[in-house]
file my_file39.pdb (PDB, C-alpha atoms)
ATOM      1  CA  MET S   1       4.247  -1.528 -27.500
ATOM      2  CA  GLU S   2       6.359  -4.644 -27.818
ATOM      3  CA  HIS S   3       9.476  -2.590 -27.112
ATOM      4  CA  MET S   4       7.878  -0.955 -24.099
ATOM      5  CA  ALA S   5       7.034  -4.381 -22.681
ATOM      6  CA  THR S   6      10.622  -5.515 -23.200
ATOM      7  CA  ILE S   7      11.967  -2.391 -21.538
ATOM      8  CA  ALA S   8       9.563  -2.815 -18.617
ATOM      9  CA  PHE S   9      10.551  -6.473 -18.275
ATOM     10  CA  GLY S  10      14.233  -5.527 -18.145
ATOM     11  CA  LEU S  11      13.560  -2.772 -15.630
ATOM     12  CA  TYR S  12      11.567  -5.057 -13.344
ATOM     13  CA  THR S  13      14.224  -7.750 -13.647
ATOM     14  CA  LEU S  14      16.879  -5.238 -12.613
ATOM     15  CA  ILE S  15      14.741  -4.115  -9.647
ATOM     16  CA  ILE S  16      14.192  -7.740  -8.583
ATOM     17  CA  LEU S  17      17.876  -8.618  -8.990
ATOM     18  CA  GLY S  18      19.137  -5.588  -7.054
ATOM     19  CA  GLY S  19      16.489  -5.917  -4.373
ATOM     20  CA  SER S  20      17.092  -9.604  -3.775
ATOM     21  CA  ILE S  21      20.861  -9.134  -3.615
ATOM     22  CA  LEU S  22      20.359  -6.334  -1.086
ATOM     23  CA  ALA S  23      17.887  -8.506   0.846
ATOM     24  CA  VAL S  24      20.226 -11.453   1.273
ATOM     25  CA  SER S  25      23.562  -9.708   1.629
ATOM     26  CA  SER S  26      22.971  -6.502   3.576
ATOM     27  CA  SER S  27      24.457  -6.530   7.061
ATOM     28  CA  SER S  28      21.641  -4.354   8.385
ATOM     29  CA  LEU S  29      18.284  -6.081   8.656
ATOM     30  CA  VAL S  30      16.349  -2.873   7.980
ATOM     31  CA  ARG S  31      18.236  -2.395   4.715
ATOM     32  CA  ALA S  32      17.554  -6.027   3.870
ATOM     33  CA  MET S  33      13.858  -5.254   4.371
ATOM     34  CA  VAL S  34      14.125  -2.313   1.970
ATOM     35  CA  GLY S  35      15.634  -4.722  -0.555
ATOM     36  CA  LEU S  36      12.778  -7.160   0.034
ATOM     37  CA  ILE S  37      10.199  -4.423  -0.528
ATOM     38  CA  ALA S  38      11.895  -3.432  -3.799
ATOM     39  CA  THR S  39      11.816  -7.070  -4.888
ATOM     40  CA  LEU S  40       8.133  -7.405  -4.022
ATOM     41  CA  LEU S  41       7.301  -4.289  -6.020
ATOM     42  CA  GLY S  42       9.289  -5.665  -8.955
ATOM     43  CA  VAL S  43       7.320  -8.913  -8.804
ATOM     44  CA  ALA S  44       4.106  -6.861  -8.720
ATOM     45  CA  GLY S  45       5.291  -5.201 -11.930
ATOM     46  CA  MET S  46       5.851  -8.643 -13.432
ATOM     47  CA  TYR S  47       2.258  -9.559 -12.560
ATOM     48  CA  MET S  48       1.130  -6.404 -14.365
ATOM     49  CA  LEU S  49       3.114  -7.469 -17.427
ATOM     50  CA  LEU S  50       1.485 -10.908 -17.221
ATOM     51  CA  ASN S  51      -1.946  -9.272 -17.416
ATOM     52  CA  ALA S  52      -2.825 -10.220 -13.820
ATOM     53  CA  GLN S  53      -3.674  -6.792 -12.426
ATOM     54  CA  PHE S  54      -5.633  -8.093  -9.451
ATOM     55  CA  LEU S  55      -2.675 -10.180  -8.356
ATOM     56  CA  ALA S  56      -0.340  -7.196  -8.647
ATOM     57  CA  LEU S  57      -2.649  -5.202  -6.405
ATOM     58  CA  MET S  58      -2.890  -8.072  -3.916
ATOM     59  CA  GLN S  59       0.888  -8.482  -3.978
ATOM     60  CA  ILE S  60       1.346  -4.865  -2.951
ATOM     61  CA  LEU S  61      -1.501  -5.015  -0.437
ATOM     62  CA  ILE S  62      -0.605  -8.305   1.280
ATOM     63  CA  TYR S  63       3.164  -8.488   0.966
ATOM     64  CA  VAL S  64       4.271  -4.870   1.084
ATOM     65  CA  GLY S  65       1.399  -3.767   3.278
ATOM     66  CA  ALA S  66       1.083  -6.624   5.747
ATOM     67  CA  VAL S  67       3.994  -9.078   5.671
ATOM     68  CA  CYS S  68       6.715  -6.431   5.503
ATOM     69  CA  VAL S  69       5.176  -4.473   8.347
ATOM     70  CA  LEU S  70       5.074  -7.723  10.350
ATOM     71  CA  ILE S  71       8.765  -8.338   9.727
ATOM     72  CA  PHE S  72       9.539  -4.760  10.700
ATOM     73  CA  PHE S  73       7.691  -5.451  13.945
ATOM     74  CA  ALA S  74       9.803  -8.594  14.402
ATOM     75  CA  ILE S  75      12.977  -6.544  13.977
ATOM     76  CA  MET S  76      11.674  -3.918  16.393
ATOM     77  CA  LEU S  77      10.453  -6.359  19.066
ATOM     78  CA  THR S  78      13.669  -8.347  19.159
ATOM     79  CA  ARG S  79      15.659  -5.125  19.461
ATOM     80  CA  ALA S  80      17.888  -6.157  16.603
ATOM     81  CA  ASP S  81      20.114  -3.120  16.439
ATOM     82  CA  GLY S  82      20.421  -1.762  12.950
ATOM     83  CA  ALA S  83      23.941  -2.905  12.161
ATOM     84  CA  GLY S  84      24.939  -5.407  14.795
ATOM     85  CA  GLU S  85      23.038  -8.594  14.113
ATOM     86  CA  GLU S  86      24.469  -9.680  10.818
ATOM     87  CA  ALA S  87      27.574  -7.536  11.014
ATOM     88  CA  GLU S  88      30.316 -10.031  11.801
ATOM     89  CA  SER S  89      31.327 -11.703   8.584
ATOM     90  CA  ALA S  90      30.667 -15.392   8.123
ATOM     91  CA  PRO S  91      33.608 -17.765   7.721
ATOM     92  CA  VAL S  92      34.620 -18.323   4.126
ATOM     93  CA  ARG S  93      33.691 -22.005   4.356
ATOM     94  CA  ASN S  94      30.059 -21.046   5.046
ATOM     95  CA  SER S  95      29.918 -18.789   2.005
ATOM     96  CA  VAL S  96      31.400 -21.469  -0.211
ATOM     97  CA  LEU S  97      28.908 -24.042   1.058
ATOM     98  CA  ALA S  98      26.026 -21.587   0.594
ATOM     99  CA  LEU S  99      27.132 -20.914  -2.976
ATOM    100  CA  LEU S 100      27.278 -24.657  -3.579
ATOM    101  CA  ALA S 101      23.788 -25.065  -2.142
ATOM    102  CA  VAL S 102      22.612 -22.412  -4.617
ATOM    103  CA  LEU S 103      24.495 -23.579  -7.672
ATOM    104  CA  VAL S 104      23.505 -27.244  -7.637
ATOM    105  CA  PRO S 105      19.677 -26.815  -7.714
ATOM    106  CA  GLY S 106      20.072 -23.663  -9.792
ATOM    107  CA  SER S 107      22.033 -25.392 -12.526
ATOM    108  CA  VAL S 108      19.684 -28.396 -12.569
ATOM    109  CA  LEU S 109      16.522 -26.269 -12.753
ATOM    110  CA  GLY S 110      18.051 -23.830 -15.223
ATOM    111  CA  TRP S 111      19.183 -26.682 -17.449
ATOM    112  CA  ILE S 112      15.693 -28.189 -17.438
ATOM    113  CA  LEU S 113      14.136 -24.783 -18.181
ATOM    114  CA  MET S 114      16.437 -24.073 -21.099
ATOM    115  CA  THR S 115      16.377 -27.503 -22.716
ATOM    116  CA  LYS S 116      12.729 -28.495 -22.265
ATOM    117  CA  PRO S 117      10.620 -25.386 -22.910
ATOM    118  CA  LEU S 118       6.867 -25.734 -22.528
ATOM    119  CA  PRO S 119       4.608 -24.938 -25.459
ATOM    120  CA  THR S 120       3.535 -21.351 -24.852
ATOM    121  CA  THR S 121       0.895 -19.109 -26.302
ATOM    122  CA  GLY S 122       3.057 -16.012 -25.938
ATOM    123  CA  ILE S 123       0.134 -13.738 -25.071
ATOM    124  CA  PRO S 124      -1.033 -13.598 -21.441
ATOM    125  CA  VAL S 125      -4.661 -14.577 -20.950
ATOM    126  CA  GLU S 126      -6.993 -12.054 -19.417
ATOM    127  CA  VAL S 127      -8.975 -13.287 -16.406
ATOM    128  CA  SER S 128     -11.510 -10.830 -15.048
ATOM    129  CA  ILE S 129     -11.916 -10.260 -11.313
ATOM    130  CA  GLU S 130     -15.492 -11.437 -11.670
ATOM    131  CA  LYS S 131     -14.276 -14.833 -12.887
ATOM    132  CA  LEU S 132     -11.810 -15.045 -10.017
ATOM    133  CA  GLY S 133     -14.538 -14.312  -7.498
ATOM    134  CA  LEU S 134     -16.880 -16.852  -9.054
ATOM    135  CA  GLY S 135     -14.084 -19.410  -8.939
ATOM    136  CA  LEU S 136     -13.450 -18.724  -5.266
ATOM    137  CA  LEU S 137     -17.113 -19.167  -4.436
ATOM    138  CA  GLY S 138     -17.751 -22.012  -6.886
ATOM    139  CA  PRO S 139     -15.326 -24.838  -7.666
ATOM    140  CA  TYR S 140     -12.592 -23.728  -5.254
ATOM    141  CA  SER S 141     -14.707 -22.740  -2.281
ATOM    142  CA  LEU S 142     -13.222 -25.497  -0.099
ATOM    143  CA  ALA S 143      -9.711 -24.078  -0.512
ATOM    144  CA  PHE S 144     -11.087 -20.606   0.157
ATOM    145  CA  GLU S 145     -12.701 -21.706   3.405
ATOM    146  CA  LEU S 146      -9.648 -23.725   4.434
ATOM    147  CA  ILE S 147      -7.309 -20.788   3.998
ATOM    148  CA  SER S 148      -9.501 -18.656   6.213
ATOM    149  CA  VAL S 149      -9.283 -21.395   8.864
ATOM    150  CA  VAL S 150      -5.493 -21.484   8.431
ATOM    151  CA  LEU S 151      -5.301 -17.717   8.886
ATOM    152  CA  LEU S 152      -7.500 -17.841  11.980
ATOM    153  CA  VAL S 153      -5.488 -20.679  13.524
ATOM    154  CA  SER S 154      -2.181 -18.971  12.806
ATOM    155  CA  MET S 155      -3.464 -15.742  14.329
ATOM    156  CA  ALA S 156      -4.703 -17.521  17.445
ATOM    157  CA  GLY S 157      -1.473 -19.506  17.628
ATOM    158  CA  ALA S 158       0.611 -16.348  17.384
ATOM    159  CA  VAL S 159      -1.326 -14.734  20.210
ATOM    160  CA  LEU S 160      -0.998 -17.891  22.316
ATOM    161  CA  LEU S 161       2.743 -18.194  21.672
ATOM    162  CA  ALA S 162       3.631 -14.592  22.351
ATOM    163  CA  TRP S 163       1.305 -14.191  25.328
ATOM    164  CA  GLU S 164       3.242 -12.937  28.326
ATOM    165  CA  ARG S 165       2.007 -14.654  31.459
ATOM    166  CA  ARG S 166       1.905 -12.346  34.438
ATOM    167  CA  GLY S 167       3.006 -13.936  37.677
ATOM    168  CA  GLY S 168       3.145 -17.338  36.025
ATOM    169  CA  LYS S 169       6.131 -19.634  35.973
TER     170      LYS S 169
ATOM    171  CA  MET L 170      13.950 -18.091 -25.748
ATOM    172  CA  THR L 171      10.227 -17.759 -25.203
ATOM    173  CA  HIS L 172       8.676 -15.252 -22.818
ATOM    174  CA  LEU L 173       7.660 -18.037 -20.475
ATOM    175  CA  VAL L 174      11.260 -19.174 -20.067
ATOM    176  CA  MET L 175      12.329 -15.596 -19.271
ATOM    177  CA  TYR L 176       9.714 -15.274 -16.539
ATOM    178  CA  GLN L 177      10.659 -18.688 -15.179
ATOM    179  CA  LEU L 178      14.319 -17.658 -15.098
ATOM    180  CA  VAL L 179      13.433 -14.587 -13.022
ATOM    181  CA  ALA L 180      11.461 -16.847 -10.657
ATOM    182  CA  LEU L 181      14.433 -19.221 -10.480
ATOM    183  CA  MET L 182      16.636 -16.246  -9.608
ATOM    184  CA  LEU L 183      14.338 -15.370  -6.718
ATOM    185  CA  LEU L 184      14.434 -18.973  -5.486
ATOM    186  CA  LEU L 185      18.222 -19.046  -5.626
ATOM    187  CA  ALA L 186      18.546 -15.724  -3.816
ATOM    188  CA  GLY L 187      16.292 -17.082  -1.093
ATOM    189  CA  LEU L 188      18.256 -20.331  -0.858
ATOM    190  CA  PHE L 189      21.513 -18.413  -0.570
ATOM    191  CA  GLY L 190      20.044 -16.161   2.109
ATOM    192  CA  ILE L 191      18.592 -18.983   4.164
ATOM    193  CA  THR L 192      21.912 -20.812   4.284
ATOM    194  CA  GLN L 193      23.954 -17.672   4.840
ATOM    195  CA  ARG L 194      21.960 -15.608   7.331
ATOM    196  CA  LYS L 195      22.704 -15.835  11.030
ATOM    197  CA  THR L 196      19.485 -14.430  12.460
ATOM    198  CA  LEU L 197      15.929 -15.727  12.330
ATOM    199  CA  VAL L 198      14.619 -12.487  10.834
ATOM    200  CA  GLY L 199      17.113 -12.706   7.987
ATOM    201  CA  MET L 200      15.993 -16.257   7.285
ATOM    202  CA  LEU L 201      12.347 -15.141   7.291
ATOM    203  CA  ILE L 202      13.188 -12.506   4.661
ATOM    204  CA  SER L 203      14.793 -15.202   2.515
ATOM    205  CA  VAL L 204      11.721 -17.438   2.837
ATOM    206  CA  GLU L 205       9.545 -14.580   1.588
ATOM    207  CA  LEU L 206      11.832 -14.234  -1.441
ATOM    208  CA  MET L 207      11.441 -17.923  -2.255
ATOM    209  CA  LEU L 208       7.654 -17.800  -1.891
ATOM    210  CA  ASN L 209       7.544 -14.851  -4.285
ATOM    211  CA  GLY L 210       9.542 -16.833  -6.800
ATOM    212  CA  ALA L 211       7.030 -19.659  -6.536
ATOM    213  CA  GLY L 212       4.121 -17.273  -7.052
ATOM    214  CA  LEU L 213       5.703 -15.648 -10.083
ATOM    215  CA  SER L 214       6.423 -19.053 -11.576
ATOM    216  CA  ILE L 215       2.851 -20.266 -11.098
ATOM    217  CA  VAL L 216       1.328 -17.127 -12.602
ATOM    218  CA  ALA L 217       3.693 -17.119 -15.580
ATOM    219  CA  ALA L 218       3.045 -20.793 -16.276
ATOM    220  CA  SER L 219      -0.720 -20.375 -16.108
ATOM    221  CA  GLN L 220      -0.971 -17.085 -18.030
ATOM    222  CA  LEU L 221       1.299 -17.991 -20.920
ATOM    223  CA  THR L 222       0.243 -21.576 -21.564
ATOM    224  CA  PRO L 223      -3.132 -23.081 -22.494
ATOM    225  CA  ALA L 224      -3.536 -24.146 -18.858
ATOM    226  CA  ASN L 225      -6.376 -22.876 -16.673
ATOM    227  CA  ALA L 226      -5.404 -19.241 -16.005
ATOM    228  CA  MET L 227      -7.962 -18.713 -13.245
ATOM    229  CA  LEU L 228      -6.581 -21.679 -11.310
ATOM    230  CA  GLY L 229      -3.073 -20.258 -11.533
ATOM    231  CA  GLN L 230      -4.095 -16.848 -10.242
ATOM    232  CA  LEU L 231      -6.122 -18.344  -7.409
ATOM    233  CA  GLY L 232      -3.195 -20.612  -6.509
ATOM    234  CA  THR L 233      -0.920 -17.617  -6.225
ATOM    235  CA  LEU L 234      -3.504 -15.853  -4.081
ATOM    236  CA  PHE L 235      -3.466 -18.884  -1.759
ATOM    237  CA  VAL L 236       0.341 -18.804  -1.695
ATOM    238  CA  MET L 237       0.104 -15.163  -0.571
ATOM    239  CA  GLY L 238      -2.384 -16.066   2.163
ATOM    240  CA  LEU L 239      -0.180 -18.896   3.379
ATOM    241  CA  ALA L 240       2.827 -16.559   3.359
ATOM    242  CA  ALA L 241       0.913 -14.118   5.537
ATOM    243  CA  ALA L 242      -0.052 -16.912   7.973
ATOM    244  CA  GLU L 243       3.522 -18.178   8.041
ATOM    245  CA  ALA L 244       4.921 -14.703   8.685
ATOM    246  CA  THR L 245       2.502 -14.261  11.609
ATOM    247  CA  LEU L 246       3.569 -17.525  13.221
ATOM    248  CA  VAL L 247       7.270 -16.912  12.624
ATOM    249  CA  LEU L 248       6.930 -13.475  14.187
ATOM    250  CA  ALA L 249       5.454 -15.064  17.311
ATOM    251  CA  ILE L 250       8.188 -17.711  17.412
ATOM    252  CA  ILE L 251      10.874 -15.039  17.003
ATOM    253  CA  VAL L 252       9.369 -13.034  19.870
ATOM    254  CA  VAL L 253       9.342 -16.123  22.108
ATOM    255  CA  VAL L 254      12.921 -17.041  21.176
ATOM    256  CA  ALA L 255      14.106 -13.482  21.752
ATOM    257  CA  ARG L 256      12.459 -13.457  25.177
ATOM    258  CA  ARG L 257      13.909 -16.807  26.214
ATOM    259  CA  PHE L 258      17.403 -16.653  24.750
ATOM    260  CA  GLY L 259      17.992 -12.914  24.636
ATOM    261  CA  SER L 260      18.904 -12.906  20.963
ATOM    262  CA  THR L 261      17.633 -14.236  17.666
ATOM    263  CA  LYS L 262      20.929 -15.571  16.379
ATOM    264  CA  THR L 263      20.608 -19.154  15.274
ATOM    265  CA  SER L 264      23.880 -20.069  16.963
ATOM    266  CA  ASP L 265      22.559 -18.992  20.387
ATOM    267  CA  VAL L 266      19.405 -21.088  20.140
ATOM    268  CA  SER L 267      21.132 -24.362  20.833
ATOM    269  CA  THR L 268      19.535 -25.943  23.885
ATOM    270  CA  LEU L 269      16.869 -28.616  23.855
ATOM    271  CA  ARG L 270      15.782 -28.081  27.434
ATOM    272  CA  GLY L 271      12.294 -26.647  27.752
TER     273      GLY L 271
END
call {"tool": "encode", "arguments": {"input": "my_file39.pdb", "output": "C-alpha cells"}}
result
Amino acid sequence: MEHMATIAFGLYTLIILGGSILAVSSSSLVRAMVGLIATLLGVAGMYMLLNAQFLALMQILIYVGAVCVLIFFAIMLTRADGAGEEAESAPVRNSVLALLAVLVPGSVLGWILMTKPLPTTGIPVEVSIEKLGLGLLGPYSLAFELISVVLLVSMAGAVLLAWERRGGK
Amino acid sequence: MTHLVMYQLVALMLLLAGLFGITQRKTLVGMLISVELMLNGAGLSIVAASQLTPANAMLGQLGTLFVMGLAAAEATLVLAIIVVVARRFGSTKTSDVSTLRG
C-alpha cells in the first residue's frame, strides 16, 4: 500500500507539473484551460491521498465544474480567437524578468521548507463530513455566513458590471 | 524528506507556475488562469499542513473550502470585469487597456 501511495503521489505530481506548464505557456487560451483542468484534477488526487475525500469532491465540483466553465465563458464572450491572443512571442527581456520573479520567492520559500521542516505525524488525520458540517454550523458559523454574503455580493456585482444598458449613455 | 515537505513542494510549484504566468501572460484571461493556479497551491498547502501535523485538521479543511468559495467569487467578478473591458476597449490585452479616462 505504501508503494501504491508513492506511485500515486508521483503520478499526481506529474499531472500537476504538466498541466501547470501547459496552463502558463500555451499560446492558445483554450489549451491553457485544458492544462488548468488537468492541474485541478491532480490537486483533487492529492486531496484524496491526504485523506480529505470531501475536499477532493468539492475541488472537482467547484473548480472544474464551476470556475473552469466561467473562464470558458470569459474566453467565449471576449471572442478571444483560439490562437491569436497569446500568439505573438514576448520579448526576451520579459521572460527573463518573469523567471527572476519566480526564482527569487521560489528559492527563499524552498530553502525555508527544506531547512526548517515542521514536526509531522506522517499519517493524514481522518475528519468525517459530519464533523465538518458541525464545525460549519458551530464554531465557524460566522465565516460560513460571511462567505455566503461574499458570494451574493460578487454575483450581484457581476450582474451590475456586465449589465448592458439599452439606450443609455 | 518528510511527506509534508513533499506536499509543500508541490504547492510551491503551483505558486511559482502561477507567478510565472501572471507576469508573462498578455491577456486578462491568461492572468485569471494563473491566479487560479496560485489559489490551488495555497489550498493544497493548507490541507497538507493541517492533515499531516497535530494541528486542527477540521479547521484546515474548512479553510480550504473557504478558499474555494472565495476563488469562485473572484472568478465571477473577474469575468464581469473582463466582459466590461472587452466591450469598452475591444480586446482583453493588458497593453491595450492603458487609458485612465472613464
call {"tool": "residues_around", "arguments": {"input": "my_file39.pdb", "residues": "segment 247-260 of chain L", "least_positions_apart": "4", "cutoff": "7 Å", "atoms": "all atoms listed in the file", "output": "list in words"}}
result
Ala74, Leu77, Thr78, Ala158, Leu161 and Ala162 of chain S; Leu197, Glu243 and Val266 of chain L
call {"tool": "resolve_selection", "arguments": {"input": "my_file39.pdb", "expression": "the PyMOL selection byres ((chain L) within 7 of (chain S))", "output": "PyMOL selection string"}}
result
chain L and resi 172-174+179+185-186+188-190+192-193+195+198-199+203+217+220-223+226-227+241-242+244-246+248-250+252-253+255
call {"tool": "resolve_selection", "arguments": {"input": "my_file39.pdb", "expression": "the PyMOL selection byres ((chain L and resi 210) around 6)", "output": "ChimeraX atom specification"}}
result
/L:180,183-184,207-209,211-213
call {"tool": "atom_distance", "arguments": {"input": "my_file39.pdb", "atom1": "atom CA of Ala218 of chain L", "atom2": "atom CA of Gln177 of chain L"}}
result
8.0 Å
call {"tool": "closest_residue", "arguments": {"input": "my_file39.pdb", "among": "L:Gly187, L:Gly238, L:Asn225, L:Gly232", "to": "Leu201 of chain L", "atoms": "only C-alpha atoms"}}
result
L:Gly187
call {"tool": "atom_distance", "arguments": {"input": "my_file39.pdb", "atom1": "atom CA of Met237 of chain L", "atom2": "atom CA of Ala8 of chain S"}}
result
23.8 Å
call {"tool": "atom_distance", "arguments": {"input": "my_file39.pdb", "atom1": "atom CA of Ala240 of chain L", "atom2": "atom CA of Leu181 of chain L"}}
result
18.3 Å
call {"tool": "residues_around", "arguments": {"input": "my_file39.pdb", "residues": "Gly229 of chain L", "least_positions_apart": "4", "cutoff": "7 Å", "atoms": "all atoms listed in the file", "output": "number ranges by chain"}}
result
L: 215-216, 219, 225, 233
call {"tool": "decode", "arguments": {"input": "my_file39.pdb", "residues": "segment 215-230 of chain L", "atoms": "N, CA and C atoms", "output": "PDB file, in the first residue's frame"}}
result
ATOM      1  N   ILE L 215      -2.447  24.387   2.676  1.00  0.00           N
ATOM      2  CA  ILE L 215      -3.196  24.421   3.937  1.00  0.00           C
ATOM      3  C   ILE L 215      -3.629  23.017   4.337  1.00  0.00           C
ATOM      4  N   VAL L 216      -4.185  22.274   3.362  1.00  0.00           N
ATOM      5  CA  VAL L 216      -4.683  20.932   3.703  1.00  0.00           C
ATOM      6  C   VAL L 216      -3.545  20.021   4.136  1.00  0.00           C
ATOM      7  N   ALA L 217      -2.410  20.083   3.412  1.00  0.00           N
ATOM      8  CA  ALA L 217      -1.288  19.220   3.791  1.00  0.00           C
ATOM      9  C   ALA L 217      -0.804  19.566   5.186  1.00  0.00           C
ATOM     10  N   ALA L 218      -0.694  20.872   5.478  1.00  0.00           N
ATOM     11  CA  ALA L 218      -0.183  21.271   6.787  1.00  0.00           C
ATOM     12  C   ALA L 218      -1.136  20.875   7.899  1.00  0.00           C
ATOM     13  N   SER L 219      -2.455  20.887   7.624  1.00  0.00           N
ATOM     14  CA  SER L 219      -3.366  20.550   8.718  1.00  0.00           C
ATOM     15  C   SER L 219      -3.557  19.047   8.846  1.00  0.00           C
ATOM     16  N   GLN L 220      -3.453  18.295   7.753  1.00  0.00           N
ATOM     17  CA  GLN L 220      -3.689  16.849   7.838  1.00  0.00           C
ATOM     18  C   GLN L 220      -2.489  16.103   8.383  1.00  0.00           C
ATOM     19  N   LEU L 221      -1.295  16.601   8.149  1.00  0.00           N
ATOM     20  CA  LEU L 221      -0.103  15.836   8.498  1.00  0.00           C
ATOM     21  C   LEU L 221       0.589  16.335   9.748  1.00  0.00           C
ATOM     22  N   THR L 222       0.036  17.346  10.406  1.00  0.00           N
ATOM     23  CA  THR L 222       0.626  17.800  11.659  1.00  0.00           C
ATOM     24  C   THR L 222      -0.430  17.680  12.759  1.00  0.00           C
ATOM     25  N   PRO L 223      -0.029  17.844  14.014  1.00  0.00           N
ATOM     26  CA  PRO L 223      -1.027  17.754  15.092  1.00  0.00           C
ATOM     27  C   PRO L 223      -2.025  18.911  15.109  1.00  0.00           C
ATOM     28  N   ALA L 224      -1.956  19.808  14.122  1.00  0.00           N
ATOM     29  CA  ALA L 224      -2.864  20.951  14.131  1.00  0.00           C
ATOM     30  C   ALA L 224      -4.306  20.493  13.924  1.00  0.00           C
ATOM     31  N   ASN L 225      -5.231  21.443  14.078  1.00  0.00           N
ATOM     32  CA  ASN L 225      -6.656  21.139  13.952  1.00  0.00           C
ATOM     33  C   ASN L 225      -6.986  20.827  12.488  1.00  0.00           C
ATOM     34  N   ALA L 226      -7.279  19.552  12.190  1.00  0.00           N
ATOM     35  CA  ALA L 226      -7.480  19.143  10.798  1.00  0.00           C
ATOM     36  C   ALA L 226      -8.775  19.706  10.237  1.00  0.00           C
ATOM     37  N   MET L 227      -9.807  19.788  11.094  1.00  0.00           N
ATOM     38  CA  MET L 227     -11.096  20.295  10.609  1.00  0.00           C
ATOM     39  C   MET L 227     -10.949  21.743  10.161  1.00  0.00           C
ATOM     40  N   LEU L 228     -10.184  22.530  10.946  1.00  0.00           N
ATOM     41  CA  LEU L 228     -10.003  23.936  10.604  1.00  0.00           C
ATOM     42  C   LEU L 228      -9.302  24.073   9.253  1.00  0.00           C
ATOM     43  N   GLY L 229      -8.319  23.204   9.005  1.00  0.00           N
ATOM     44  CA  GLY L 229      -7.621  23.270   7.730  1.00  0.00           C
ATOM     45  C   GLY L 229      -8.533  22.977   6.558  1.00  0.00           C
ATOM     46  N   GLN L 230      -9.365  21.917   6.716  1.00  0.00           N
ATOM     47  CA  GLN L 230     -10.255  21.578   5.600  1.00  0.00           C
ATOM     48  C   GLN L 230     -11.287  22.672   5.366  1.00  0.00           C
TER      49      GLN L 230
END
